[in-house]
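Chemist: Below are the structure tokens for one structure; questions will follow.
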Amino acid sequence: MKIVLGADHGGFELKEQVKEFLVNLGYAIEDAGNLVYDAKDDYPDFAIKVAKIVSEGAATKGIIICGSGVGACIAANKINGVRACVCHDTYSAKQGVSHDDMNVLCLGGRIIGIETAKELVLGFVQTSFSNEERHKRRLEKVLALEK
Ligand code: RB5
């Protein structure tokens, strides 16, 4: 499974830590930037880049980190095929995938530290969509909004 990561200055440090964590676990990673810390960069640039990569199928899942996770989430959800959410609890990070087919996890680099991020990221990447009828039916109703 390939995972694409992105972050602005608010999430840069946590992105670097999450990247190292996933690489050490053997995941294929694409870093969509920012590749250097830039206090003046803008979260939409990286959120949109990650979202497009996931939407095009070039990565299975994406993780975007800004200061709160909120701006990244708002921007990513503008791209068709992307289902992004801020999850700072493990229940949502897993259920968001199993019930809702969430494919982008947004985190707040100013909200959580690396140990919490590790648990959230593991829950997100290790969980699959349930494919249960009721979840497919609900997802279809959401996907119909993109047509
Ligand atoms: C940047 O200062 C900050 O606004 C951004 O990282 C993010 O938190 C937006 O939601």
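Quick note on naming: the chains in the structure tokens go A, B, ... in the order shown, residues restart at 1 in each chain, and ligands are numbered from 1 in order of appearance.
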With the cut-off set at 9 Å and counting only C-alpha atoms and all ligand atoms, tabulate each residue of chain A with an atom at most that distance from an atom of ligand 1, showing the nearest atom pair and its distance in Å to one decimal, ordered by chain and increasing number, as CSV.

Modeler:
```
residue,atom,partner,partner_atom_place_in_ligand_line,distance
A:Ala7,CA,ligand 1,6 (O),8.0
A:Asp8,CA,ligand 1,6 (O),5.9
A:His9,CA,ligand 1,6 (O),6.3
A:Gly10,CA,ligand 1,6 (O),4.2
A:Gly11,CA,ligand 1,6 (O),6.5
A:Ala39,CA,ligand 1,2 (O),8.1
A:Lys40,CA,ligand 1,2 (O),8.4
A:Asp41,CA,ligand 1,1 (C),8.2
A:Asp42,CA,ligand 1,1 (C),7.1
A:Tyr43,CA,ligand 1,6 (O),5.9
A:Pro44,CA,ligand 1,9 (C),8.8
A:Ile65,CA,ligand 1,6 (O),7.6
A:Cys66,CA,ligand 1,6 (O),3.8
A:Gly67,CA,ligand 1,8 (O),3.2
A:Ser68,CA,ligand 1,8 (O),4.0
A:Gly69,CA,ligand 1,10 (O),5.5
A:Val70,CA,ligand 1,10 (O),4.4
A:Gly71,CA,ligand 1,10 (O),3.3
A:Ala72,CA,ligand 1,10 (O),6.0
A:Cys73,CA,ligand 1,10 (O),8.0
A:Ile74,CA,ligand 1,10 (O),8.3
A:Gly108,CA,ligand 1,8 (O),6.8
A:Gly109,CA,ligand 1,6 (O),7.9
A:Arg110,CA,ligand 1,8 (O),7.7
```

Chemist: Taking N, CA and C atoms for each residue, export the selection above as a PDB file, in the first residue's frame.

Modeler:
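What follows is the written file result_38.pdb:
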```pdb
ATOM      1  N   ALA A   7       2.103  18.292   4.307  1.00  0.00           N
ATOM      2  CA  ALA A   7       1.963  19.172   5.480  1.00  0.00           C
ATOM      3  C   ALA A   7       2.438  20.578   5.149  1.00  0.00           C
ATOM      4  N   ASP A   8       1.812  21.545   5.809  1.00  0.00           N
ATOM      5  CA  ASP A   8       2.339  22.913   5.770  1.00  0.00           C
ATOM      6  C   ASP A   8       3.263  23.092   6.982  1.00  0.00           C
ATOM      7  N   HIS A   9       3.613  24.341   7.283  1.00  0.00           N
ATOM      8  CA  HIS A   9       4.511  24.604   8.411  1.00  0.00           C
ATOM      9  C   HIS A   9       3.924  24.162   9.750  1.00  0.00           C
ATOM     10  N   GLY A  10       2.578  24.194   9.859  1.00  0.00           N
ATOM     11  CA  GLY A  10       1.933  23.789  11.113  1.00  0.00           C
ATOM     12  C   GLY A  10       2.041  22.291  11.366  1.00  0.00           C
ATOM     13  N   GLY A  11       2.305  21.528  10.312  1.00  0.00           N
ATOM     14  CA  GLY A  11       2.370  20.076  10.464  1.00  0.00           C
ATOM     15  C   GLY A  11       3.686  19.476  10.028  1.00  0.00           C
ATOM     16  N   ALA A  39       7.816  28.747   7.088  1.00  0.00           N
ATOM     17  CA  ALA A  39       6.795  29.359   7.953  1.00  0.00           C
ATOM     18  C   ALA A  39       5.741  30.131   7.169  1.00  0.00           C
ATOM     19  N   LYS A  40       6.021  30.401   5.895  1.00  0.00           N
ATOM     20  CA  LYS A  40       5.073  31.192   5.098  1.00  0.00           C
ATOM     21  C   LYS A  40       4.298  30.347   4.089  1.00  0.00           C
ATOM     22  N   ASP A  41       4.435  29.031   4.151  1.00  0.00           N
ATOM     23  CA  ASP A  41       3.714  28.217   3.159  1.00  0.00           C
ATOM     24  C   ASP A  41       2.226  28.111   3.513  1.00  0.00           C
ATOM     25  N   ASP A  42       1.437  27.618   2.556  1.00  0.00           N
ATOM     26  CA  ASP A  42      -0.029  27.580   2.687  1.00  0.00           C
ATOM     27  C   ASP A  42      -0.543  26.140   2.615  1.00  0.00           C
ATOM     28  N   TYR A  43      -1.358  25.752   3.605  1.00  0.00           N
ATOM     29  CA  TYR A  43      -1.838  24.369   3.660  1.00  0.00           C
ATOM     30  C   TYR A  43      -2.578  23.896   2.397  1.00  0.00           C
ATOM     31  N   PRO A  44      -3.341  24.752   1.688  1.00  0.00           N
ATOM     32  CA  PRO A  44      -4.063  24.201   0.521  1.00  0.00           C
ATOM     33  C   PRO A  44      -3.126  23.622  -0.539  1.00  0.00           C
ATOM     34  N   ILE A  65      -1.227  16.944   7.266  1.00  0.00           N
ATOM     35  CA  ILE A  65      -1.056  17.527   8.595  1.00  0.00           C
ATOM     36  C   ILE A  65      -0.874  19.039   8.464  1.00  0.00           C
ATOM     37  N   CYS A  66      -1.761  19.784   9.109  1.00  0.00           N
ATOM     38  CA  CYS A  66      -1.565  21.234   9.226  1.00  0.00           C
ATOM     39  C   CYS A  66      -1.600  21.543  10.725  1.00  0.00           C
ATOM     40  N   GLY A  67      -1.820  22.798  11.087  1.00  0.00           N
ATOM     41  CA  GLY A  67      -1.790  23.117  12.509  1.00  0.00           C
ATOM     42  C   GLY A  67      -2.887  22.412  13.290  1.00  0.00           C
ATOM     43  N   SER A  68      -4.102  22.485  12.762  1.00  0.00           N
ATOM     44  CA  SER A  68      -5.252  21.861  13.432  1.00  0.00           C
ATOM     45  C   SER A  68      -5.765  20.619  12.711  1.00  0.00           C
ATOM     46  N   GLY A  69      -5.442  20.504  11.435  1.00  0.00           N
ATOM     47  CA  GLY A  69      -6.012  19.458  10.580  1.00  0.00           C
ATOM     48  C   GLY A  69      -7.245  19.959   9.844  1.00  0.00           C
ATOM     49  N   VAL A  70      -7.809  21.051  10.298  1.00  0.00           N
ATOM     50  CA  VAL A  70      -9.097  21.521   9.769  1.00  0.00           C
ATOM     51  C   VAL A  70      -8.978  22.084   8.355  1.00  0.00           C
ATOM     52  N   GLY A  71      -8.042  22.998   8.159  1.00  0.00           N
ATOM     53  CA  GLY A  71      -7.897  23.599   6.827  1.00  0.00           C
ATOM     54  C   GLY A  71      -7.584  22.547   5.783  1.00  0.00           C
ATOM     55  N   ALA A  72      -6.686  21.641   6.138  1.00  0.00           N
ATOM     56  CA  ALA A  72      -6.311  20.567   5.214  1.00  0.00           C
ATOM     57  C   ALA A  72      -7.527  19.734   4.843  1.00  0.00           C
ATOM     58  N   CYS A  73      -8.374  19.458   5.827  1.00  0.00           N
ATOM     59  CA  CYS A  73      -9.568  18.636   5.616  1.00  0.00           C
ATOM     60  C   CYS A  73     -10.554  19.343   4.690  1.00  0.00           C
ATOM     61  N   ILE A  74     -10.770  20.614   4.933  1.00  0.00           N
ATOM     62  CA  ILE A  74     -11.693  21.392   4.095  1.00  0.00           C
ATOM     63  C   ILE A  74     -11.211  21.393   2.646  1.00  0.00           C
ATOM     64  N   GLY A 108      -3.726  17.389  13.301  1.00  0.00           N
ATOM     65  CA  GLY A 108      -3.278  18.707  13.736  1.00  0.00           C
ATOM     66  C   GLY A 108      -1.933  18.614  14.426  1.00  0.00           C
ATOM     67  N   GLY A 109      -0.927  19.157  13.787  1.00  0.00           N
ATOM     68  CA  GLY A 109       0.428  19.113  14.349  1.00  0.00           C
ATOM     69  C   GLY A 109       0.582  19.952  15.601  1.00  0.00           C
ATOM     70  N   ARG A 110      -0.379  20.874  15.818  1.00  0.00           N
ATOM     71  CA  ARG A 110      -0.340  21.685  17.040  1.00  0.00           C
ATOM     72  C   ARG A 110      -1.243  21.106  18.118  1.00  0.00           C
TER      73      ARG A 110
END
```

Chemist: Would you please give, as a list in words, all residues of stretch 93-123 of chain A that DSSP assigns to strand (DSSP E or B) based on the backbone?

Modeler: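 Answer for stretch 93-123 of chain A restricted to strand (DSSP E or B) is Val104, Leu105, Cys106, Leu107 and Gly108 of chain A.
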
Chemist: Between A:Leu105, A:His135, A:Ile114, A:Lys78, which has the minimum distance to A:Glu16 (counting only C-alpha atoms)?

Modeler: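 Once distances to A:Glu16 are computed over only C-alpha atoms, the minimum belongs to A:Ile114.
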
Chemist: Out of chain A, which residues get helix (DSSP H, G or I) from DSSP, as a ChimeraX atom specification?

Modeler: /A:12-24,43-55,70-76,90-98,114-126,133-146

Chemist: Restricting the calculation to only C-alpha atoms: of A:Gln95, A:Tyr27, A:Ala117, A:Cys85, which residue gets closest to A:Glu13?

Modeler: A:Ala117

Chemist: Restricting the calculation to only C-alpha atoms, which member of A:Ala144, A:Met1, A:Ala76, A:Gly62 is positioned closest to A:Val18?

Modeler: A:Gly62

Chemist: Rank nothing, just name the residue among A:Lys147, A:His99, A:Lys94, A:Lys52 nearest to A:Gln126, using only C-alpha atoms.

Modeler: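 Using only C-alpha atoms, the shortest distance to A:Gln126 belongs to A:Lys94.
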